[in-house]
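Structure file target-v7.json; described as JSON, C-alpha atoms.
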[["chain", "number", "residue", "atom", "x", "y", "z"],
["M", 1173, "GLU", "CA", -17.83, 40.14, -4.10],
["M", 1174, "THR", "CA", -14.94, 42.10, -2.64],
["M", 1175, "GLY", "CA", -16.75, 44.68, -0.54],
["M", 1176, "VAL", "CA", -16.30, 47.40, -3.16],
["M", 1177, "THR", "CA", -19.16, 47.64, -5.65],
["M", 1178, "GLN", "CA", -18.94, 49.55, -8.90],
["M", 1179, "THR", "CA", -21.79, 50.40, -11.25],
["M", 1180, "PRO", "CA", -22.37, 50.17, -14.09],
["M", 1181, "ARG", "CA", -20.18, 47.25, -15.13],
["M", 1182, "HIS", "CA", -20.21, 48.37, -18.74],
["M", 1183, "LEU", "CA", -20.86, 51.77, -20.27],
["M", 1184, "VAL", "CA", -20.90, 52.95, -23.85],
["M", 1185, "MET", "CA", -21.17, 56.68, -24.32],
["M", 1186, "GLY", "CA", -20.87, 59.21, -27.08],
["M", 1187, "MET", "CA", -18.37, 62.03, -26.92],
["M", 1188, "THR", "CA", -21.08, 64.56, -26.12],
["M", 1189, "ASN", "CA", -22.75, 62.55, -23.37],
["M", 1190, "LYS", "CA", -22.58, 63.05, -19.63],
["M", 1191, "LYS", "CA", -22.49, 59.99, -17.41],
["M", 1192, "SER", "CA", -21.36, 59.03, -13.93],
["M", 1193, "LEU", "CA", -19.58, 56.02, -12.50],
["M", 1194, "LYS", "CA", -20.45, 54.97, -8.98],
["M", 1195, "CYS", "CA", -18.41, 53.20, -6.33],
["M", 1196, "GLU", "CA", -19.60, 52.04, -2.93],
["M", 1197, "GLN", "CA", -17.78, 50.38, -0.06],
["M", 1198, "HIS", "CA", -18.93, 49.31, 3.39],
["M", 1199, "LEU", "CA", -15.58, 48.12, 4.69],
["M", 1200, "GLY", "CA", -15.14, 51.04, 7.06],
["M", 1201, "HIS", "CA", -12.31, 52.42, 4.92],
["M", 1202, "ASN", "CA", -11.60, 56.14, 4.90],
["M", 1203, "ALA", "CA", -9.59, 56.43, 1.70],
["M", 1204, "MET", "CA", -10.92, 55.88, -1.80],
["M", 1205, "TYR", "CA", -9.23, 55.88, -5.18],
["M", 1206, "TRP", "CA", -10.00, 56.02, -8.89],
["M", 1207, "TYR", "CA", -7.67, 54.20, -11.25],
["M", 1208, "LYS", "CA", -7.64, 53.95, -15.02],
["M", 1209, "GLN", "CA", -6.50, 50.68, -16.56],
["M", 1210, "SER", "CA", -5.68, 50.65, -20.25],
["M", 1211, "ALA", "CA", -4.44, 47.67, -22.22],
["M", 1212, "LYS", "CA", -0.76, 46.86, -21.68],
["M", 1213, "LYS", "CA", -0.24, 49.79, -19.31],
["M", 1214, "PRO", "CA", 0.27, 49.94, -15.54],
["M", 1215, "LEU", "CA", -2.59, 51.07, -13.37],
["M", 1216, "GLU", "CA", -2.86, 54.86, -13.56],
["M", 1217, "LEU", "CA", -3.88, 56.59, -10.36],
["M", 1218, "MET", "CA", -6.37, 59.36, -11.12],
["M", 1219, "PHE", "CA", -7.73, 60.63, -7.82],
["M", 1220, "VAL", "CA", -7.33, 59.98, -4.13],
["M", 1221, "TYR", "CA", -9.82, 60.89, -1.43],
["M", 1222, "SER", "CA", -8.96, 60.78, 2.23],
["M", 1223, "LEU", "CA", -11.75, 61.39, 4.74],
["M", 1224, "GLU", "CA", -13.90, 62.70, 1.88],
["M", 1225, "GLU", "CA", -11.31, 65.30, 0.87],
["M", 1226, "ARG", "CA", -9.49, 65.11, -2.44],
["M", 1227, "VAL", "CA", -5.83, 64.79, -1.62],
["M", 1228, "GLU", "CA", -4.47, 63.94, -5.02],
["M", 1229, "ASN", "CA", -5.31, 64.71, -8.62],
["M", 1230, "ASN", "CA", -2.76, 63.23, -10.98],
["M", 1231, "SER", "CA", -3.01, 65.71, -13.84],
["M", 1232, "VAL", "CA", -6.32, 64.26, -14.92],
["M", 1233, "PRO", "CA", -8.21, 66.23, -17.62],
["M", 1234, "SER", "CA", -11.14, 68.26, -16.38],
["M", 1235, "ARG", "CA", -13.56, 66.13, -18.38],
["M", 1236, "PHE", "CA", -13.22, 63.72, -15.43],
["M", 1237, "SER", "CA", -14.74, 65.12, -12.25],
["M", 1238, "PRO", "CA", -14.70, 63.10, -9.01],
["M", 1239, "GLU", "CA", -17.07, 63.47, -6.11],
["M", 1240, "CYS", "CA", -16.95, 61.92, -2.66],
["M", 1241, "PRO", "CA", -20.13, 62.80, -0.72],
["M", 1242, "ASN", "CA", -19.26, 60.50, 2.20],
["M", 1243, "SER", "CA", -16.68, 57.90, 3.14],
["M", 1244, "SER", "CA", -18.71, 55.09, 1.58],
["M", 1245, "HIS", "CA", -19.41, 56.54, -1.84],
["M", 1246, "LEU", "CA", -17.28, 57.81, -4.68],
["M", 1247, "PHE", "CA", -18.39, 59.04, -8.07],
["M", 1248, "LEU", "CA", -16.61, 59.84, -11.29],
["M", 1249, "HIS", "CA", -18.56, 62.24, -13.47],
["M", 1250, "LEU", "CA", -17.74, 62.08, -17.16],
["M", 1251, "HIS", "CA", -18.43, 64.63, -19.87],
["M", 1252, "THR", "CA", -17.21, 65.27, -23.41],
["M", 1253, "LEU", "CA", -14.89, 62.29, -23.31],
["M", 1254, "GLN", "CA", -12.53, 61.23, -26.08],
["M", 1255, "PRO", "CA", -12.15, 57.76, -27.63],
["M", 1256, "GLU", "CA", -8.75, 57.42, -25.92],
["M", 1257, "ASP", "CA", -10.57, 57.57, -22.59],
["M", 1258, "SER", "CA", -11.98, 54.12, -23.29],
["M", 1259, "ALA", "CA", -10.60, 51.87, -20.54],
["M", 1260, "LEU", "CA", -11.43, 49.94, -17.40],
["M", 1261, "TYR", "CA", -12.05, 52.34, -14.50],
["M", 1262, "LEU", "CA", -11.33, 50.84, -11.13],
["M", 1263, "CYS", "CA", -12.35, 52.07, -7.73],
["M", 1264, "ALA", "CA", -10.45, 51.01, -4.63],
["M", 1265, "SER", "CA", -10.62, 51.72, -0.91],
["M", 1266, "SER", "CA", -8.24, 51.31, 2.00],
["M", 1267, "PRO", "CA", -7.76, 52.20, 5.64],
["M", 1268, "LEU", "CA", -6.00, 55.50, 6.32],
["M", 1269, "THR", "CA", -3.07, 54.17, 8.28],
["M", 1270, "GLY", "CA", -0.73, 51.53, 6.88],
["M", 1271, "PRO", "CA", 0.74, 49.36, 5.87],
["M", 1272, "TYR", "CA", -2.32, 48.09, 4.09],
["M", 1273, "GLY", "CA", -3.58, 46.91, 0.77],
["M", 1274, "TYR", "CA", -6.30, 48.29, -1.39],
["M", 1275, "THR", "CA", -9.59, 46.53, -1.99],
["M", 1276, "PHE", "CA", -10.68, 46.94, -5.59],
["M", 1277, "GLY", "CA", -14.07, 46.85, -7.21],
["M", 1278, "SER", "CA", -14.69, 44.92, -10.43],
["M", 1279, "GLY", "CA", -14.45, 48.06, -12.50],
["M", 1280, "THR", "CA", -16.52, 49.79, -15.15],
["M", 1281, "ARG", "CA", -15.58, 49.00, -18.73],
["M", 1282, "LEU", "CA", -16.03, 52.32, -20.53],
["M", 1283, "THR", "CA", -16.19, 52.64, -24.28],
["M", 1284, "VAL", "CA", -16.34, 56.10, -25.84],
["M", 1285, "VAL", "CA", -17.70, 56.17, -29.37],
["R", 630, "GLY", "CA", 9.72, 57.64, -5.02],
["R", 631, "GLU", "CA", 8.99, 53.99, -5.45],
["R", 632, "SER", "CA", 8.93, 52.14, -8.71],
["R", 633, "VAL", "CA", 7.93, 48.56, -9.08],
["R", 634, "GLY", "CA", 8.39, 46.42, -12.15],
["R", 635, "LEU", "CA", 7.70, 42.90, -13.26],
["R", 636, "HIS", "CA", 10.30, 40.95, -15.14],
["R", 637, "LEU", "CA", 8.18, 39.25, -17.76],
["R", 638, "PRO", "CA", 4.96, 40.48, -19.36],
["R", 639, "THR", "CA", 3.79, 36.94, -20.14],
["R", 640, "LEU", "CA", 4.42, 33.49, -18.74],
["R", 641, "SER", "CA", 3.04, 30.14, -19.88],
["R", 642, "VAL", "CA", 3.11, 27.13, -17.57],
["R", 643, "GLN", "CA", 1.89, 23.57, -18.00],
["R", 644, "GLU", "CA", -1.03, 22.66, -15.77],
["R", 645, "GLY", "CA", 0.20, 20.97, -12.63],
["R", 646, "ASP", "CA", 3.62, 22.59, -12.78],
["R", 647, "ASN", "CA", 4.82, 25.32, -10.43],
["R", 648, "SER", "CA", 5.05, 28.90, -11.63],
["R", 649, "ILE", "CA", 7.23, 31.75, -10.44],
["R", 650, "ILE", "CA", 6.47, 35.39, -11.17],
["R", 651, "ASN", "CA", 9.18, 37.90, -10.36],
["R", 652, "CYS", "CA", 9.10, 41.55, -9.43],
["R", 653, "ALA", "CA", 11.74, 44.18, -8.66],
["R", 654, "TYR", "CA", 11.38, 47.38, -6.66],
["R", 655, "SER", "CA", 13.52, 50.46, -6.29],
["R", 656, "ASN", "CA", 12.82, 51.90, -2.84],
["R", 657, "SER", "CA", 14.84, 50.02, -0.24],
["R", 658, "ALA", "CA", 12.68, 51.67, 2.43],
["R", 659, "SER", "CA", 9.53, 49.96, 1.14],
["R", 660, "ASP", "CA", 8.15, 47.94, 4.00],
["R", 661, "TYR", "CA", 5.07, 46.23, 2.64],
["R", 662, "PHE", "CA", 4.39, 44.28, -0.53],
["R", 663, "ILE", "CA", 1.31, 42.73, -2.02],
["R", 664, "TRP", "CA", 0.50, 40.41, -4.88],
["R", 665, "TYR", "CA", -2.77, 40.87, -6.72],
["R", 666, "LYS", "CA", -4.49, 38.61, -9.22],
["R", 667, "GLN", "CA", -6.72, 40.05, -11.92],
["R", 668, "GLU", "CA", -8.95, 37.74, -13.90],
["R", 669, "SER", "CA", -10.60, 38.81, -17.11],
["R", 670, "GLY", "CA", -13.47, 41.22, -16.49],
["R", 671, "LYS", "CA", -12.67, 41.63, -12.80],
["R", 672, "GLY", "CA", -10.74, 44.01, -10.61],
["R", 673, "PRO", "CA", -7.44, 43.06, -8.95],
["R", 674, "GLN", "CA", -7.92, 40.65, -6.05],
["R", 675, "PHE", "CA", -5.57, 40.42, -3.07],
["R", 676, "ILE", "CA", -3.60, 37.16, -3.02],
["R", 677, "ILE", "CA", -0.91, 37.49, -0.38],
["R", 678, "ASP", "CA", 1.17, 40.14, 1.33],
["R", 679, "ILE", "CA", 4.48, 40.32, 3.11],
["R", 680, "ARG", "CA", 6.15, 42.84, 5.40],
["R", 681, "SER", "CA", 9.80, 43.74, 5.09],
["R", 682, "ASN", "CA", 10.71, 42.03, 8.36],
["R", 683, "MET", "CA", 9.93, 38.69, 6.72],
["R", 684, "ASP", "CA", 11.66, 36.75, 3.93],
["R", 685, "LYS", "CA", 8.91, 34.31, 3.14],
["R", 686, "ARG", "CA", 5.20, 33.92, 3.62],
["R", 687, "GLN", "CA", 3.00, 31.04, 2.57],
["R", 688, "GLY", "CA", -0.65, 30.84, 1.72],
["R", 689, "GLN", "CA", -2.75, 28.21, 0.10],
["R", 690, "ARG", "CA", -0.65, 27.04, -2.90],
["R", 691, "VAL", "CA", 1.09, 30.43, -3.00],
["R", 692, "THR", "CA", 4.37, 31.57, -1.49],
["R", 693, "VAL", "CA", 5.86, 35.03, -1.59],
["R", 694, "LEU", "CA", 9.61, 35.44, -1.22],
["R", 695, "LEU", "CA", 11.26, 38.75, -0.43],
["R", 696, "ASN", "CA", 14.95, 39.38, -1.02],
["R", 697, "LYS", "CA", 15.70, 42.81, 0.38],
["R", 698, "THR", "CA", 19.36, 42.63, -0.57],
["R", 699, "VAL", "CA", 18.59, 42.68, -4.28],
["R", 700, "LYS", "CA", 15.15, 44.31, -3.90],
["R", 701, "HIS", "CA", 13.36, 41.40, -5.46],
["R", 702, "LEU", "CA", 9.97, 39.87, -4.81],
["R", 703, "SER", "CA", 8.56, 36.66, -6.22],
["R", 704, "LEU", "CA", 5.26, 34.83, -6.22],
["R", 705, "GLN", "CA", 5.32, 31.08, -6.45],
["R", 706, "ILE", "CA", 2.17, 29.19, -7.34],
["R", 707, "ALA", "CA", 2.29, 25.45, -6.72],
["R", 708, "ALA", "CA", 0.51, 22.86, -8.85],
["R", 709, "THR", "CA", -1.03, 25.40, -11.19],
["R", 710, "GLN", "CA", -4.65, 25.02, -12.24],
["R", 711, "PRO", "CA", -6.61, 26.53, -15.14],
["R", 712, "GLY", "CA", -8.17, 29.00, -12.71],
["R", 713, "ASP", "CA", -4.73, 30.45, -12.05],
["R", 714, "SER", "CA", -4.71, 31.99, -15.52],
["R", 715, "ALA", "CA", -4.81, 35.74, -14.91],
["R", 716, "VAL", "CA", -2.70, 38.86, -14.77],
["R", 717, "TYR", "CA", -0.60, 39.14, -11.62],
["R", 718, "PHE", "CA", 0.55, 42.48, -10.18],
["R", 719, "CYS", "CA", 3.01, 43.22, -7.44],
["R", 720, "ALA", "CA", 2.73, 46.41, -5.41],
["R", 721, "GLY", "CA", 4.98, 48.06, -2.86],
["R", 722, "GLN", "CA", 4.37, 50.58, -0.12],
["R", 723, "PHE", "CA", 6.45, 52.68, 2.25],
["R", 724, "GLY", "CA", 4.69, 53.66, 5.44],
["R", 725, "ASN", "CA", 1.41, 55.41, 4.70],
["R", 726, "GLU", "CA", 2.34, 56.36, 1.16],
["R", 727, "LYS", "CA", 0.28, 55.15, -1.75],
["R", 728, "LEU", "CA", 0.75, 51.68, -3.14],
["R", 729, "THR", "CA", 2.94, 51.62, -6.24],
["R", 730, "PHE", "CA", 1.92, 48.99, -8.75],
["R", 731, "GLY", "CA", 4.05, 47.17, -11.26],
["R", 732, "THR", "CA", 2.95, 46.29, -14.74],
["R", 733, "GLY", "CA", 1.27, 42.92, -14.82],
["R", 734, "THR", "CA", 2.49, 39.48, -15.83],
["R", 735, "ARG", "CA", -0.09, 37.49, -17.77],
["R", 736, "LEU", "CA", 0.07, 33.89, -16.61],
["R", 737, "THR", "CA", -1.40, 31.31, -18.98],
["R", 738, "ILE", "CA", -1.90, 27.75, -17.81],
["R", 739, "ILE", "CA", -1.59, 25.23, -20.63],
["R", 740, "PRO", "CA", -3.88, 22.21, -20.23]]

Whole structure given in structure tokens:
Amino acid sequence: ETGVTQTPRHLVMGMTNKKSLKCEQHLGHNAMYWYKQSAKKPLELMFVYSLEERVENNSVPSRFSPECPNSSHLFLHLHTLQPEDSALYLCASSPLTGPYGYTFGSGTRLTVV
Amino acid sequence: GESVGLHLPTLSVQEGDNSIINCAYSNSASDYFIWYKQESGKGPQFIIDIRSNMDKRQGQRVTVLLNKTVKHLSLQIAATQPGDSAVYFCAGQFGNEKLTFGTGTRLTIIP
């Protein structure tokens, strides 16, 4: 257990479904991140939240919608996904001031059918 | 900006031998580096870090070497064990900027 908890661990959804991924940390960190990890590709940063405000959105399609209601929780709402969105979605958190490393969750393995 | 890259996508090492995983970075101003280990079905786990004012840092069976002259970082794992089989990532950071991750090296330990 790393201190960052992601649920669910696995998710299979149809292209017309709506689902949400959840991330929770109690490390006292004030920055949270969503990453996408596809096979044989580097980690792709999707969103960054700092003090509950979105500070970065790396050209992510609108079918992915993040939400950060407080500094401990981060959600990724999914709707009308495509099969190419199948991947491991990782949440991470960190302190605001560096240098520092990120603490990652175990990820949600998403399969879009 | 920063870019970080690993030299080899895969590496196979005999159990008990030492392994070395190499990484290069582009931003000479990067001042912090981390190695992560990612086992199958898990997220990346912190292994060891090093700041730019150091050349070497040792942990338990792991050593990170930093050569700022050639902008090169390496992770050495001594006496490899089956549990060392995983994907290893290096990451670099400048100040409070985001971590930049390299592509991973898949280390396979041969029994």

task: Pull out every residue of chain M sitting within 10 Å of chain R, counting only C-alpha atoms, and send them as a PyMOL selection string.
output: chain M and resi 1174+1176+1181+1209+1212-1217+1220+1260-1264+1267-1281

message: Please list as a ChimeraX atom specification every residue within 7 Å of Leu736 in chain R, counting only C-alpha atoms and excluding residues in the same chain fewer than 2 positions away.
response: /R:639-641,714-716,734,738

Take the selection from the previous step and output its residues with C-alpha atoms, as a PDB file, keeping the file's coordinate frame.
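Listed below is the output, out.pdb:
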ATOM      1  CA  THR R 639       3.790  36.940 -20.140  1.00  0.00           C
ATOM      2  CA  LEU R 640       4.420  33.490 -18.740  1.00  0.00           C
ATOM      3  CA  SER R 641       3.040  30.140 -19.880  1.00  0.00           C
ATOM      4  CA  SER R 714      -4.710  31.990 -15.520  1.00  0.00           C
ATOM      5  CA  ALA R 715      -4.810  35.740 -14.910  1.00  0.00           C
ATOM      6  CA  VAL R 716      -2.700  38.860 -14.770  1.00  0.00           C
ATOM      7  CA  THR R 734       2.490  39.480 -15.830  1.00  0.00           C
ATOM      8  CA  ILE R 738      -1.900  27.750 -17.810  1.00  0.00           C
TER       9      ILE R 738
END

field: Residue with smallest distance to Glu1225 in chain M - pool M:Ala1211, M:Val1284, M:Thr1177, M:Ala1203, counting only C-alpha atoms
entry: M:Ala1203

task: Write out as number ranges by chain which residues come within 10 Å of Lys1190 in chain M when counting only C-alpha atoms, dropping same-chain ones fewer than 5 positions away.
output: M: 1185, 1235, 1249-1253

Output file for the residues above (C-alpha atoms, as a compact mmCIF listing (two decimals), in the coordinates of the input):
# COMPACT_ATOMS: atom_id res chain seq x y z
CA MET M 1185 -21.17 56.68 -24.32
CA ARG M 1235 -13.56 66.13 -18.38
CA HIS M 1249 -18.56 62.24 -13.47
CA LEU M 1250 -17.74 62.08 -17.16
CA HIS M 1251 -18.43 64.63 -19.87
CA THR M 1252 -17.21 65.27 -23.41
CA LEU M 1253 -14.89 62.29 -23.31

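For the pair CA of Val1184 in chain M and CA of Phe1247 in chain M, the interatomic distance is 17.1 Å.
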
field: Interatomic distance (Å, one decimal) between CA of Ser655 in chain R and CA of Tyr717 in chain R
entry: 18.9 Å

query: If we count only C-alpha atoms, what is near Phe1219 in chain M at a cut-off of 12 Å, once residues fewer than 4 positions away on the same chain are taken out, given as a VMD selection string?
result: (chain M and resid 1203 to 1208 1224 to 1234 1236 to 1240 1246 to 1248 1261 to 1265) or (chain R and resid 727)

- prompt: Within 8 Å of range 651-654 of chain R, counting all atoms listed in the file, which residues qualify if same-chain residues fewer than 3 places away don't, as number ranges by chain?
  reply: R: 631-637, 657, 700-704, 719, 721, 731

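Interatomic distance, CA of Ser681 in chain R to CA of Ala658 in chain R: 8.8 Å.
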
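With distances restricted to only C-alpha atoms, M:Thr1283 is the closest residue to Lys1191 in chain M from M:Asn1242, M:Ser1210, M:Ser1266, M:Thr1283.
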
task: Would you be able to write out as a ChimeraX atom specification which residues have an atom within 8 Å of (10.3, 35.7, 3.0) in the file's coordinates, counting all atoms listed in the file?
output: /R:679,683-686,693-696
